[in-house]
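Following: one structure in structure tokens, then a few remarks.
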Amino acid sequence: MQYPLFTRLISLLLLALVMGFLPRPAAAVLKVNINQGVMEPMPIALPTLGARNAEDHTLGQQIFEVVGQDLKRSGLFKLVDPEAQIQQIDGVETIPRFPDWRQIGAQALVTGSISGGPGSKITVEFRLWDVLLQKQFAGQSFSGTRENWRRVAHLIADVIYTRLTGERGYFDSRIVFISETGPKRRPQKRLTIMDQDGANVKTLTSGRDLVLTPRFDPNSQRIIYLSYIGRQPKVYIYDLANGRQEVLGRFPGMTFAPRFSPDGQKAILSASLDGNSEIYVVDLNSKAQKRLTNHPAIDTSPSFAPDMQRVVFNSDRDGSQQLYVMSADGSSTKRISYGDGSYATPVWSPRGDLVAFTKMYAGRFYIGVMRPDGSGERLLAEGFLVEGPTWAPNGRVLMFTRQEPSRRGQPGKSFLFTIDLTGYNEQLIQTPTEASDPAWSPLLSK
């Protein structure tokens, strides 16, 4: 007996519902909604990497632990308890028993293997599985050295993040910041670099001279910063490849807030001439200087748009610190901040869609964002003193300095925090000393 097509389809549909195997569209399963506020993190399982010997097994555990911490810290994922796992995954060739993983609540599963090569070389191969659709979603392998295993972990986390959110990851990146030790009256401030998760901390300067406002170039191999070597403020460029420092150029008076252009060929900064702070652009090859502003007010903290067609900066030309946007040649200046309070330290998002800033209002400090035309202002973080936002390479997360209130006459300590654009998931970045003035590098892998 032949059933009508409609009747047979209904029967199959009911059977699938009863068995629990009804597939859902991929976009509804392995896709994290990154545009909402409070969200339920996606459950993801990361069993131990398969390995042929105990040494590789231990290293594999460490790699997947860092992968898991990267994903968890983003606020978009939660890790399935390893103790709840039913199936033992032996390596990248193991086919998951999807009902076992679905039973413990996993929506995504990452399996993989680690193998040693010549010398200290290692290769990690992994697969990302959609548990609900019971199919592979992504797969890739990365090679590196045992000493550089953390970077392999960050690269894996970036792939997983990208496939599940639709945006580029940001874990394979670094932070340059100012580390502070010693008494508050005479602190030692050192130029310091670390991975974005706080690991691999390395100091770059001795602490004998004051250093301020470090910023990465677009290729991650140079840092521009202000230093008071010999008690004279000068702008320096530090080459990470060889550890050499060079003076950018000589400016009469004080110089402030140097920053690379997005193409890495120029530097933009403010310099004080006769007590008046103006914005300049310096060609890094010819050292030629071009003045962009000419106003009796204080103009400072400039930042290029990603396409280098515009510059955002702050100025008190209207009586209080506000944000302004001008063309890259200094023309067509327009105020964009009109909220209560004053604004400072603007920095353009690498995606070009937002400007982050520090806001001061009613005795409190805020980290906020607005569109380049001034619309859509949102405040993401608040505190006794929060300041100096810097963007992650994908334009999704901000890092900033948070200083505690003074206690018993002693200045409060400063630390680094991150927060995403929803205004949730604020995270402390652990550093061995007090830390301030962070700057996020571009992705190391481009």
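Within each chain, counting starts at residue 1; across the structure tokens, chains are named A, B, ... in the order shown, with ligands numbered 1 upward in that order.
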
Exercise: Asn148 (chain A) partners within 12 Å, only C-alpha atoms, chain neighbours under 3 positions left out, as an NGL selection string: :A and (59 or 62-63 or 120-123 or 142-145 or 151-155 or 172 or 195 or 199-200)

May I have the residues from that selection written out with N, CA and C atoms, as a PDB file, in the first residue's frame?
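Below you can see selection.pdb, which holds the result:
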ATOM      1  N   LEU A  59      51.201  18.114  27.497  1.00  0.00           N
ATOM      2  CA  LEU A  59      51.197  19.354  26.731  1.00  0.00           C
ATOM      3  C   LEU A  59      49.844  19.565  26.056  1.00  0.00           C
ATOM      4  N   GLN A  62      47.478  21.062  28.444  1.00  0.00           N
ATOM      5  CA  GLN A  62      47.742  22.491  28.650  1.00  0.00           C
ATOM      6  C   GLN A  62      47.205  23.318  27.480  1.00  0.00           C
ATOM      7  N   ILE A  63      47.392  22.821  26.264  1.00  0.00           N
ATOM      8  CA  ILE A  63      46.926  23.555  25.079  1.00  0.00           C
ATOM      9  C   ILE A  63      45.416  23.712  25.101  1.00  0.00           C
ATOM     10  N   SER A 120      62.105  20.306  18.658  1.00  0.00           N
ATOM     11  CA  SER A 120      61.036  20.679  19.580  1.00  0.00           C
ATOM     12  C   SER A 120      59.713  20.951  18.880  1.00  0.00           C
ATOM     13  N   LYS A 121      59.594  20.564  17.620  1.00  0.00           N
ATOM     14  CA  LYS A 121      58.395  20.869  16.855  1.00  0.00           C
ATOM     15  C   LYS A 121      57.212  20.024  17.305  1.00  0.00           C
ATOM     16  N   ILE A 122      56.023  20.624  17.308  1.00  0.00           N
ATOM     17  CA  ILE A 122      54.785  19.911  17.573  1.00  0.00           C
ATOM     18  C   ILE A 122      53.758  20.281  16.513  1.00  0.00           C
ATOM     19  N   THR A 123      52.821  19.387  16.279  1.00  0.00           N
ATOM     20  CA  THR A 123      51.698  19.638  15.382  1.00  0.00           C
ATOM     21  C   THR A 123      50.420  19.266  16.106  1.00  0.00           C
ATOM     22  N   PHE A 142      47.834  23.076  13.216  1.00  0.00           N
ATOM     23  CA  PHE A 142      48.822  24.121  13.438  1.00  0.00           C
ATOM     24  C   PHE A 142      50.107  23.494  13.947  1.00  0.00           C
ATOM     25  N   SER A 143      51.227  24.047  13.498  1.00  0.00           N
ATOM     26  CA  SER A 143      52.530  23.571  13.950  1.00  0.00           C
ATOM     27  C   SER A 143      53.272  24.699  14.647  1.00  0.00           C
ATOM     28  N   GLY A 144      54.108  24.315  15.592  1.00  0.00           N
ATOM     29  CA  GLY A 144      54.903  25.285  16.319  1.00  0.00           C
ATOM     30  C   GLY A 144      55.952  24.570  17.128  1.00  0.00           C
ATOM     31  N   THR A 145      56.555  25.240  18.070  1.00  0.00           N
ATOM     32  CA  THR A 145      57.532  24.621  18.946  1.00  0.00           C
ATOM     33  C   THR A 145      56.901  24.402  20.317  1.00  0.00           C
ATOM     34  N   ARG A 151      50.839  29.919  21.837  1.00  0.00           N
ATOM     35  CA  ARG A 151      50.357  30.573  20.626  1.00  0.00           C
ATOM     36  C   ARG A 151      49.549  29.601  19.769  1.00  0.00           C
ATOM     37  N   VAL A 152      49.966  28.333  19.724  1.00  0.00           N
ATOM     38  CA  VAL A 152      49.178  27.324  19.015  1.00  0.00           C
ATOM     39  C   VAL A 152      47.772  27.267  19.599  1.00  0.00           C
ATOM     40  N   ALA A 153      47.673  27.323  20.923  1.00  0.00           N
ATOM     41  CA  ALA A 153      46.364  27.300  21.581  1.00  0.00           C
ATOM     42  C   ALA A 153      45.524  28.506  21.174  1.00  0.00           C
ATOM     43  N   HIS A 154      46.132  29.702  21.140  1.00  0.00           N
ATOM     44  CA  HIS A 154      45.382  30.901  20.764  1.00  0.00           C
ATOM     45  C   HIS A 154      44.910  30.830  19.310  1.00  0.00           C
ATOM     46  N   LEU A 155      45.725  30.263  18.439  1.00  0.00           N
ATOM     47  CA  LEU A 155      45.325  30.125  17.037  1.00  0.00           C
ATOM     48  C   LEU A 155      44.117  29.199  16.897  1.00  0.00           C
ATOM     49  N   ASP A 172      45.033  35.530  19.331  1.00  0.00           N
ATOM     50  CA  ASP A 172      46.439  35.518  18.915  1.00  0.00           C
ATOM     51  C   ASP A 172      46.934  36.958  18.782  1.00  0.00           C
ATOM     52  N   ASP A 195      50.989  38.444  26.361  1.00  0.00           N
ATOM     53  CA  ASP A 195      49.892  37.922  25.556  1.00  0.00           C
ATOM     54  C   ASP A 195      48.588  38.546  26.036  1.00  0.00           C
ATOM     55  N   ALA A 199      49.646  36.172  29.902  1.00  0.00           N
ATOM     56  CA  ALA A 199      50.798  35.269  29.963  1.00  0.00           C
ATOM     57  C   ALA A 199      51.991  35.870  29.226  1.00  0.00           C
ATOM     58  N   ASN A 200      53.169  35.256  29.445  1.00  0.00           N
ATOM     59  CA  ASN A 200      54.407  35.645  28.755  1.00  0.00           C
ATOM     60  C   ASN A 200      54.740  37.121  28.933  1.00  0.00           C
TER      61      ASN A 200
END

Test item, strand (DSSP E) assignment across region 100-337 of chain A, answer as a ChimeraX atom specification: /A:108-116,121-130,135-145,174-181,188-195,202-203,211-216,222-227,234-239,245-249,255-260,266-273,276-283,289-291,299-304,310-315,322-327,334-335

For region 46-51 of chain A, work out the shell of residues within 12 Å, counting only C-alpha atoms and skipping chain neighbours fewer than 5 positions away, then give it as an mmCIF file with N, CA and C atoms, in the first residue's frame.
data_model
loop_
_atom_site.group_PDB
_atom_site.id
_atom_site.type_symbol
_atom_site.label_atom_id
_atom_site.label_comp_id
_atom_site.auth_asym_id
_atom_site.auth_seq_id
_atom_site.Cartn_x
_atom_site.Cartn_y
_atom_site.Cartn_z
ATOM 1 N N ASP A 56 53.588 14.429 25.479
ATOM 2 C CA ASP A 56 52.652 15.083 24.574
ATOM 3 C C ASP A 56 51.254 15.140 25.183
ATOM 4 N N HIS A 57 50.885 14.109 25.941
ATOM 5 C CA HIS A 57 49.575 14.106 26.581
ATOM 6 C C HIS A 57 49.447 15.290 27.536
ATOM 7 N N THR A 58 50.475 15.522 28.351
ATOM 8 C CA THR A 58 50.455 16.648 29.285
ATOM 9 C C THR A 58 50.400 17.982 28.555
ATOM 10 N N LEU A 59 51.201 18.114 27.497
ATOM 11 C CA LEU A 59 51.197 19.354 26.731
ATOM 12 C C LEU A 59 49.844 19.565 26.056
ATOM 13 N N GLY A 60 49.247 18.480 25.575
ATOM 14 C CA GLY A 60 47.923 18.584 24.966
ATOM 15 C C GLY A 60 46.880 19.078 25.947
ATOM 16 N N GLN A 61 46.970 18.625 27.191
ATOM 17 C CA GLN A 61 46.059 19.119 28.221
ATOM 18 C C GLN A 61 46.229 20.612 28.432
ATOM 19 N N GLN A 62 47.478 21.062 28.444
ATOM 20 C CA GLN A 62 47.742 22.491 28.650
ATOM 21 C C GLN A 62 47.205 23.318 27.480
ATOM 22 N N ILE A 63 47.392 22.821 26.264
ATOM 23 C CA ILE A 63 46.926 23.555 25.079
ATOM 24 C C ILE A 63 45.416 23.712 25.101
ATOM 25 N N PHE A 64 44.696 22.610 25.350
ATOM 26 C CA PHE A 64 43.238 22.701 25.351
ATOM 27 C C PHE A 64 42.721 23.490 26.549
ATOM 28 N N GLU A 65 43.484 23.529 27.648
ATOM 29 C CA GLU A 65 43.078 24.361 28.779
ATOM 30 C C GLU A 65 43.117 25.834 28.396
ATOM 31 N N VAL A 66 44.156 26.254 27.672
ATOM 32 C CA VAL A 66 44.244 27.640 27.224
ATOM 33 C C VAL A 66 43.163 27.941 26.189
ATOM 34 N N VAL A 67 42.913 27.002 25.275
ATOM 35 C CA VAL A 67 41.821 27.179 24.308
ATOM 36 C C VAL A 67 40.510 27.421 25.045
ATOM 37 N N GLY A 68 40.245 26.575 26.028
ATOM 38 C CA GLY A 68 39.007 26.699 26.783
ATOM 39 C C GLY A 68 38.910 28.012 27.539
ATOM 40 N N GLN A 69 40.014 28.458 28.137
ATOM 41 C CA GLN A 69 39.992 29.711 28.881
ATOM 42 C C GLN A 69 39.797 30.903 27.950
ATOM 43 N N LEU A 71 38.069 30.911 25.128
ATOM 44 C CA LEU A 71 36.660 30.908 24.735
ATOM 45 C C LEU A 71 35.765 31.316 25.898
ATOM 46 N N LYS A 72 36.045 30.795 27.078
ATOM 47 C CA LYS A 72 35.234 31.127 28.248
ATOM 48 C C LYS A 72 35.328 32.601 28.586
ATOM 49 N N PHE A 77 30.951 31.442 25.540
ATOM 50 C CA PHE A 77 31.006 29.989 25.649
ATOM 51 C C PHE A 77 31.144 29.564 27.107
ATOM 52 N N LYS A 78 30.617 28.389 27.422
ATOM 53 C CA LYS A 78 30.873 27.770 28.719
ATOM 54 C C LYS A 78 31.361 26.350 28.473
ATOM 55 N N LEU A 79 32.301 25.911 29.308
ATOM 56 C CA LEU A 79 32.943 24.619 29.110
ATOM 57 C C LEU A 79 32.147 23.514 29.793
ATOM 58 N N VAL A 80 31.925 22.444 29.065
ATOM 59 C CA VAL A 80 31.267 21.280 29.636
ATOM 60 C C VAL A 80 32.234 20.596 30.601
ATOM 61 N N ASP A 81 31.749 20.230 31.774
ATOM 62 C CA ASP A 81 32.578 19.602 32.800
ATOM 63 C C ASP A 81 33.228 18.329 32.263
ATOM 64 N N PRO A 82 34.563 18.252 32.257
ATOM 65 C CA PRO A 82 35.230 17.031 31.772
ATOM 66 C C PRO A 82 34.808 15.777 32.527
ATOM 67 N N GLU A 83 34.447 15.923 33.808
ATOM 68 C CA GLU A 83 34.040 14.766 34.597
ATOM 69 C C GLU A 83 32.721 14.182 34.117
ATOM 70 N N ALA A 84 31.936 14.979 33.386
ATOM 71 C CA ALA A 84 30.641 14.501 32.897
ATOM 72 C C ALA A 84 30.745 13.759 31.575
ATOM 73 N N GLN A 85 31.923 13.768 30.955
ATOM 74 C CA GLN A 85 32.054 13.165 29.636
ATOM 75 C C GLN A 85 31.863 11.653 29.692
ATOM 76 N N ILE A 86 31.107 11.139 28.744
ATOM 77 C CA ILE A 86 30.803 9.715 28.673
ATOM 78 C C ILE A 86 31.759 8.991 27.741
ATOM 79 N N GLN A 87 31.966 9.551 26.561
ATOM 80 C CA GLN A 87 32.840 8.912 25.571
ATOM 81 C C GLN A 87 34.288 9.325 25.790
ATOM 82 N N GLN A 88 35.195 8.383 25.663
ATOM 83 C CA GLN A 88 36.627 8.652 25.709
ATOM 84 C C GLN A 88 37.114 8.935 24.295
ATOM 85 N N ILE A 89 37.600 10.149 24.067
ATOM 86 C CA ILE A 89 38.115 10.524 22.748
ATOM 87 C C ILE A 89 39.606 10.220 22.711
ATOM 88 N N ASP A 90 40.028 9.403 21.743
ATOM 89 C CA ASP A 90 41.420 8.969 21.669
ATOM 90 C C ASP A 90 42.273 9.819 20.733
ATOM 91 N N GLY A 91 41.648 10.645 19.919
ATOM 92 C CA GLY A 91 42.417 11.457 18.993
ATOM 93 C C GLY A 91 41.539 12.035 17.917
ATOM 94 N N VAL A 92 42.170 12.659 16.941
ATOM 95 C CA VAL A 92 41.427 13.372 15.921
ATOM 96 C C VAL A 92 40.643 12.431 15.016
ATOM 97 N N GLU A 93 41.047 11.164 14.946
ATOM 98 C CA GLU A 93 40.349 10.212 14.080
ATOM 99 C C GLU A 93 39.120 9.612 14.744
ATOM 100 N N THR A 94 38.950 9.820 16.038
ATOM 101 C CA THR A 94 37.796 9.261 16.736
ATOM 102 C C THR A 94 36.520 9.953 16.290
ATOM 103 N N PRO A 96 32.866 11.021 17.029
ATOM 104 C CA PRO A 96 32.089 11.205 18.258
ATOM 105 C C PRO A 96 30.801 10.377 18.251
ATOM 106 N N TRP A 101 27.359 13.048 23.803
ATOM 107 C CA TRP A 101 27.717 14.447 24.034
ATOM 108 C C TRP A 101 26.473 15.318 24.175
ATOM 109 N N ALA A 106 26.375 19.282 25.638
ATOM 110 C CA ALA A 106 27.291 19.931 24.692
ATOM 111 C C ALA A 106 26.583 20.231 23.380
ATOM 112 N N GLN A 107 26.771 21.419 22.868
ATOM 113 C CA GLN A 107 26.291 21.766 21.530
ATOM 114 C C GLN A 107 27.431 21.716 20.514
ATOM 115 N N ALA A 108 28.635 22.013 20.980
ATOM 116 C CA ALA A 108 29.827 21.944 20.128
ATOM 117 C C ALA A 108 30.855 21.054 20.822
ATOM 118 N N LEU A 109 31.662 20.387 20.020
ATOM 119 C CA LEU A 109 32.678 19.465 20.527
ATOM 120 C C LEU A 109 33.953 19.678 19.728
ATOM 121 N N VAL A 110 35.087 19.732 20.433
ATOM 122 C CA VAL A 110 36.379 19.855 19.766
ATOM 123 C C VAL A 110 37.210 18.630 20.104
ATOM 124 N N THR A 111 37.650 17.913 19.079
ATOM 125 C CA THR A 111 38.526 16.761 19.259
ATOM 126 C C THR A 111 39.851 17.049 18.567
ATOM 127 N N GLY A 112 40.886 16.318 18.944
ATOM 128 C CA GLY A 112 42.161 16.586 18.303
ATOM 129 C C GLY A 112 43.264 15.663 18.750
ATOM 130 N N SER A 113 44.414 15.824 18.128
ATOM 131 C CA SER A 113 45.612 15.041 18.434
ATOM 132 C C SER A 113 46.817 15.955 18.427
ATOM 133 N N ILE A 114 47.814 15.594 19.215
ATOM 134 C CA ILE A 114 49.087 16.300 19.230
ATOM 135 C C ILE A 114 50.189 15.297 18.948
ATOM 136 N N SER A 115 51.131 15.697 18.110
ATOM 137 C CA SER A 115 52.244 14.811 17.777
ATOM 138 C C SER A 115 53.542 15.605 17.732
ATOM 139 N N GLY A 116 54.618 14.963 18.140
ATOM 140 C CA GLY A 116 55.918 15.601 18.119
ATOM 141 C C GLY A 116 56.593 15.427 16.780
ATOM 142 N N ILE A 122 56.023 20.624 17.308
ATOM 143 C CA ILE A 122 54.785 19.911 17.573
ATOM 144 C C ILE A 122 53.758 20.281 16.513
ATOM 145 N N THR A 123 52.821 19.387 16.279
ATOM 146 C CA THR A 123 51.698 19.638 15.382
ATOM 147 C C THR A 123 50.420 19.266 16.106
ATOM 148 N N VAL A 124 49.455 20.167 16.090
ATOM 149 C CA VAL A 124 48.153 19.909 16.698
ATOM 150 C C VAL A 124 47.099 19.960 15.601
ATOM 151 N N GLU A 125 46.352 18.875 15.475
ATOM 152 C CA GLU A 125 45.255 18.790 14.520
ATOM 153 C C GLU A 125 43.954 18.701 15.300
ATOM 154 N N PHE A 126 42.946 19.449 14.875
ATOM 155 C CA PHE A 126 41.695 19.428 15.625
ATOM 156 C C PHE A 126 40.493 19.449 14.682
ATOM 157 N N ARG A 127 39.361 19.032 15.235
ATOM 158 C CA ARG A 127 38.087 19.048 14.527
ATOM 159 C C ARG A 127 37.044 19.705 15.418
ATOM 160 N N LEU A 128 36.218 20.562 14.823
ATOM 161 C CA LEU A 128 35.091 21.169 15.508
ATOM 162 C C LEU A 128 33.823 20.512 15.006
ATOM 163 N N TRP A 129 33.050 19.955 15.927
ATOM 164 C CA TRP A 129 31.853 19.182 15.584
ATOM 165 C C TRP A 129 30.583 19.888 16.051
ATOM 166 N N ALA A 153 47.673 27.323 20.923
ATOM 167 C CA ALA A 153 46.364 27.300 21.581
ATOM 168 C C ALA A 153 45.524 28.506 21.174
ATOM 169 N N ILE A 156 44.124 28.105 17.652
ATOM 170 C CA ILE A 156 42.991 27.181 17.624
ATOM 171 C C ILE A 156 41.734 27.880 18.142
ATOM 172 N N ALA A 157 41.875 28.609 19.248
ATOM 173 C CA ALA A 157 40.730 29.317 19.811
ATOM 174 C C ALA A 157 40.176 30.335 18.825
ATOM 175 N N ILE A 160 37.970 28.506 16.231
ATOM 176 C CA ILE A 160 36.692 28.108 16.815
ATOM 177 C C ILE A 160 35.788 29.320 17.001
#

Using only C-alpha atoms, determine which residues lie at most 7 Å from Arg190 (chain A), disregarding the query and same-chain residues fewer than 2 positions distant; provide the list as a compact mmCIF listing (two decimals) with N, CA and C atoms, in the first residue's frame.
# COMPACT_ATOMS: atom_id res chain seq x y z
N ILE A 178 51.92 49.77 30.67
CA ILE A 178 52.88 50.31 31.63
C ILE A 178 52.74 49.54 32.94
N SER A 179 53.79 48.83 33.33
CA SER A 179 53.81 48.16 34.63
C SER A 179 54.44 49.09 35.65
N GLU A 180 53.90 49.06 36.87
CA GLU A 180 54.35 49.99 37.89
C GLU A 180 54.73 49.24 39.16
N GLN A 188 58.36 53.21 39.65
CA GLN A 188 59.10 52.82 38.46
C GLN A 188 58.09 52.33 37.42
N THR A 192 56.05 47.30 29.09
CA THR A 192 55.91 45.86 29.28
C THR A 192 54.98 45.28 28.23
N THR A 203 59.33 42.66 30.32
CA THR A 203 59.57 44.10 30.42
C THR A 203 60.57 44.53 29.34
N LEU A 204 60.32 45.70 28.77
CA LEU A 204 61.13 46.20 27.66
C LEU A 204 62.06 47.34 28.05
N THR A 205 61.73 48.05 29.12
CA THR A 205 62.57 49.16 29.57
C THR A 205 62.93 48.96 31.04
N SER A 206 63.97 49.67 31.47
CA SER A 206 64.55 49.41 32.79
C SER A 206 63.78 50.02 33.94
N GLY A 207 63.01 51.04 33.70
CA GLY A 207 62.31 51.73 34.77
C GLY A 207 63.04 52.95 35.28
N VAL A 211 57.96 56.26 31.32
CA VAL A 211 57.41 55.95 30.00
C VAL A 211 55.89 56.04 30.08

Residues near region 268-272 of chain A, cut-off 10 Å, only C-alpha atoms, skip fewer than 2 positions along chain, as a PyMOL selection string: chain A and resi 235+251-261+266+274-283+289-293+298-304+311+313

Selection from above, N, CA and C atoms, as an mmCIF file, in the first residue's frame, can you write it?
data_model
loop_
_atom_site.group_PDB
_atom_site.id
_atom_site.type_symbol
_atom_site.label_atom_id
_atom_site.label_comp_id
_atom_site.auth_asym_id
_atom_site.auth_seq_id
_atom_site.Cartn_x
_atom_site.Cartn_y
_atom_site.Cartn_z
ATOM 1 N N VAL A 235 59.281 61.468 21.877
ATOM 2 C CA VAL A 235 58.569 60.327 21.317
ATOM 3 C C VAL A 235 59.581 59.337 20.770
ATOM 4 N N PHE A 251 60.441 67.991 18.820
ATOM 5 C CA PHE A 251 59.347 68.954 18.786
ATOM 6 C C PHE A 251 59.580 69.975 19.893
ATOM 7 N N PRO A 252 59.391 71.232 19.603
ATOM 8 C CA PRO A 252 59.528 72.232 20.666
ATOM 9 C C PRO A 252 58.415 72.049 21.688
ATOM 10 N N GLY A 253 58.739 72.185 22.965
ATOM 11 C CA GLY A 253 57.730 72.036 24.006
ATOM 12 C C GLY A 253 57.406 70.579 24.271
ATOM 13 N N MET A 254 56.233 70.347 24.817
ATOM 14 C CA MET A 254 55.792 69.008 25.214
ATOM 15 C C MET A 254 55.141 68.285 24.039
ATOM 16 N N THR A 255 55.303 66.963 24.026
ATOM 17 C CA THR A 255 54.593 66.130 23.066
ATOM 18 C C THR A 255 53.741 65.127 23.825
ATOM 19 N N PHE A 256 52.606 64.722 23.233
ATOM 20 C CA PHE A 256 51.655 63.853 23.917
ATOM 21 C C PHE A 256 51.053 62.840 22.940
ATOM 22 N N ALA A 257 50.592 61.726 23.501
ATOM 23 C CA ALA A 257 49.685 60.786 22.850
ATOM 24 C C ALA A 257 50.085 60.389 21.429
ATOM 25 N N PRO A 258 51.302 59.902 21.215
ATOM 26 C CA PRO A 258 51.659 59.463 19.854
ATOM 27 C C PRO A 258 50.948 58.171 19.484
ATOM 28 N N ARG A 259 50.657 58.032 18.209
ATOM 29 C CA ARG A 259 49.954 56.839 17.720
ATOM 30 C C ARG A 259 50.304 56.625 16.252
ATOM 31 N N PHE A 260 50.472 55.361 15.836
ATOM 32 C CA PHE A 260 50.732 55.052 14.438
ATOM 33 C C PHE A 260 49.477 55.250 13.597
ATOM 34 N N SER A 261 49.681 55.565 12.340
ATOM 35 C CA SER A 261 48.585 55.533 11.371
ATOM 36 C C SER A 261 48.280 54.082 11.014
ATOM 37 N N LYS A 266 52.996 56.592 9.115
ATOM 38 C CA LYS A 266 52.975 57.901 9.749
ATOM 39 C C LYS A 266 52.728 57.755 11.245
ATOM 40 N N ASP A 274 54.548 77.025 22.399
ATOM 41 C CA ASP A 274 54.244 78.233 23.149
ATOM 42 C C ASP A 274 53.040 78.016 24.078
ATOM 43 N N GLY A 275 52.988 76.821 24.651
ATOM 44 C CA GLY A 275 51.907 76.524 25.586
ATOM 45 C C GLY A 275 50.606 76.131 24.939
ATOM 46 N N ASN A 276 50.593 75.993 23.624
ATOM 47 C CA ASN A 276 49.362 75.642 22.922
ATOM 48 C C ASN A 276 49.524 74.284 22.245
ATOM 49 N N SER A 277 48.655 73.344 22.558
ATOM 50 C CA SER A 277 48.762 71.978 22.049
ATOM 51 C C SER A 277 48.021 71.837 20.726
ATOM 52 N N GLU A 278 48.745 71.418 19.687
ATOM 53 C CA GLU A 278 48.170 71.193 18.362
ATOM 54 C C GLU A 278 48.470 69.763 17.898
ATOM 55 N N ILE A 279 47.782 69.337 16.857
ATOM 56 C CA ILE A 279 47.935 67.978 16.344
ATOM 57 C C ILE A 279 48.804 67.997 15.092
ATOM 58 N N TYR A 280 49.759 67.070 15.043
ATOM 59 C CA TYR A 280 50.693 66.956 13.930
ATOM 60 C C TYR A 280 50.701 65.521 13.399
ATOM 61 N N VAL A 281 51.057 65.420 12.124
ATOM 62 C CA VAL A 281 51.334 64.123 11.504
ATOM 63 C C VAL A 281 52.793 64.125 11.076
ATOM 64 N N VAL A 282 53.493 63.012 11.349
ATOM 65 C CA VAL A 282 54.903 62.892 11.003
ATOM 66 C C VAL A 282 55.087 61.710 10.065
ATOM 67 N N ASP A 283 55.706 61.940 8.932
ATOM 68 C CA ASP A 283 56.063 60.857 8.017
ATOM 69 C C ASP A 283 57.251 60.100 8.614
ATOM 70 N N GLN A 289 57.049 66.905 9.033
ATOM 71 C CA GLN A 289 55.942 67.153 9.949
ATOM 72 C C GLN A 289 54.887 68.036 9.273
ATOM 73 N N LYS A 290 53.623 67.702 9.546
ATOM 74 C CA LYS A 290 52.523 68.506 9.022
ATOM 75 C C LYS A 290 51.570 68.829 10.165
ATOM 76 N N ARG A 291 51.275 70.099 10.301
ATOM 77 C CA ARG A 291 50.360 70.551 11.353
ATOM 78 C C ARG A 291 48.922 70.443 10.856
ATOM 79 N N LEU A 292 48.052 69.804 11.654
ATOM 80 C CA LEU A 292 46.659 69.601 11.252
ATOM 81 C C LEU A 292 45.701 70.589 11.895
ATOM 82 N N THR A 293 45.976 71.031 13.112
ATOM 83 C CA THR A 293 45.074 71.964 13.786
ATOM 84 C C THR A 293 45.803 73.278 14.066
ATOM 85 N N ILE A 298 43.263 73.501 23.526
ATOM 86 C CA ILE A 298 44.125 72.325 23.635
ATOM 87 C C ILE A 298 43.544 71.209 22.777
ATOM 88 N N ASP A 299 44.265 70.819 21.749
ATOM 89 C CA ASP A 299 43.868 69.715 20.874
ATOM 90 C C ASP A 299 44.829 68.558 21.105
ATOM 91 N N THR A 300 44.287 67.383 21.428
ATOM 92 C CA THR A 300 45.170 66.256 21.764
ATOM 93 C C THR A 300 44.464 64.931 21.513
ATOM 94 N N SER A 301 45.191 63.828 21.802
ATOM 95 C CA SER A 301 44.686 62.446 21.710
ATOM 96 C C SER A 301 44.099 62.112 20.337
ATOM 97 N N PRO A 302 44.839 62.345 19.255
ATOM 98 C CA PRO A 302 44.294 62.038 17.926
ATOM 99 C C PRO A 302 44.349 60.545 17.605
ATOM 100 N N SER A 303 43.417 60.099 16.780
ATOM 101 C CA SER A 303 43.373 58.702 16.326
ATOM 102 C C SER A 303 42.792 58.662 14.925
ATOM 103 N N PHE A 304 43.517 58.017 14.001
ATOM 104 C CA PHE A 304 43.050 57.879 12.619
ATOM 105 C C PHE A 304 41.890 56.899 12.517
ATOM 106 N N VAL A 311 40.193 61.869 11.282
ATOM 107 C CA VAL A 311 40.885 61.795 12.566
ATOM 108 C C VAL A 311 39.911 62.219 13.664
ATOM 109 N N PHE A 313 39.700 63.376 17.716
ATOM 110 C CA PHE A 313 40.580 63.920 18.754
ATOM 111 C C PHE A 313 39.717 64.590 19.806
#

Backbone DSSP call of alpha helix (DSSP H) for region 73-119 of chain A, listed as a PyMOL selection string: chain A and resi 73+98-103

Atomic separation - CA of Asn425 (chain A) relative to CA of Ala45 (chain A), Å: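 Atom-to-atom, CA of Ala45 (chain A) to CA of Asn425 (chain A), that is 20.8 Å.
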
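Taking only C-alpha atoms, the non-local environment of Leu248 (chain A) within 9 Å (same-chain residues fewer than 2 positions away omitted) comprises Ile224, Lys234, Val235, Tyr236, Ile237, Glu246, Arg250, Ala267, Val282, Leu284 and Lys287 of chain A.
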
Polymer residues at most 12 Å from Thr181 (chain A), only C-alpha atoms, same-chain spacing of 6 or more positions, as a ChimeraX atom specification: /A:187-191,206-208,413-414,431-436

Residue nearest Leu76 (chain A) - candidates A:Leu240, A:Ile336, A:Met42, A:Leu164, atoms counted: only C-alpha atoms: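 Of all the options, A:Met42 lies closest to Leu76 (chain A).
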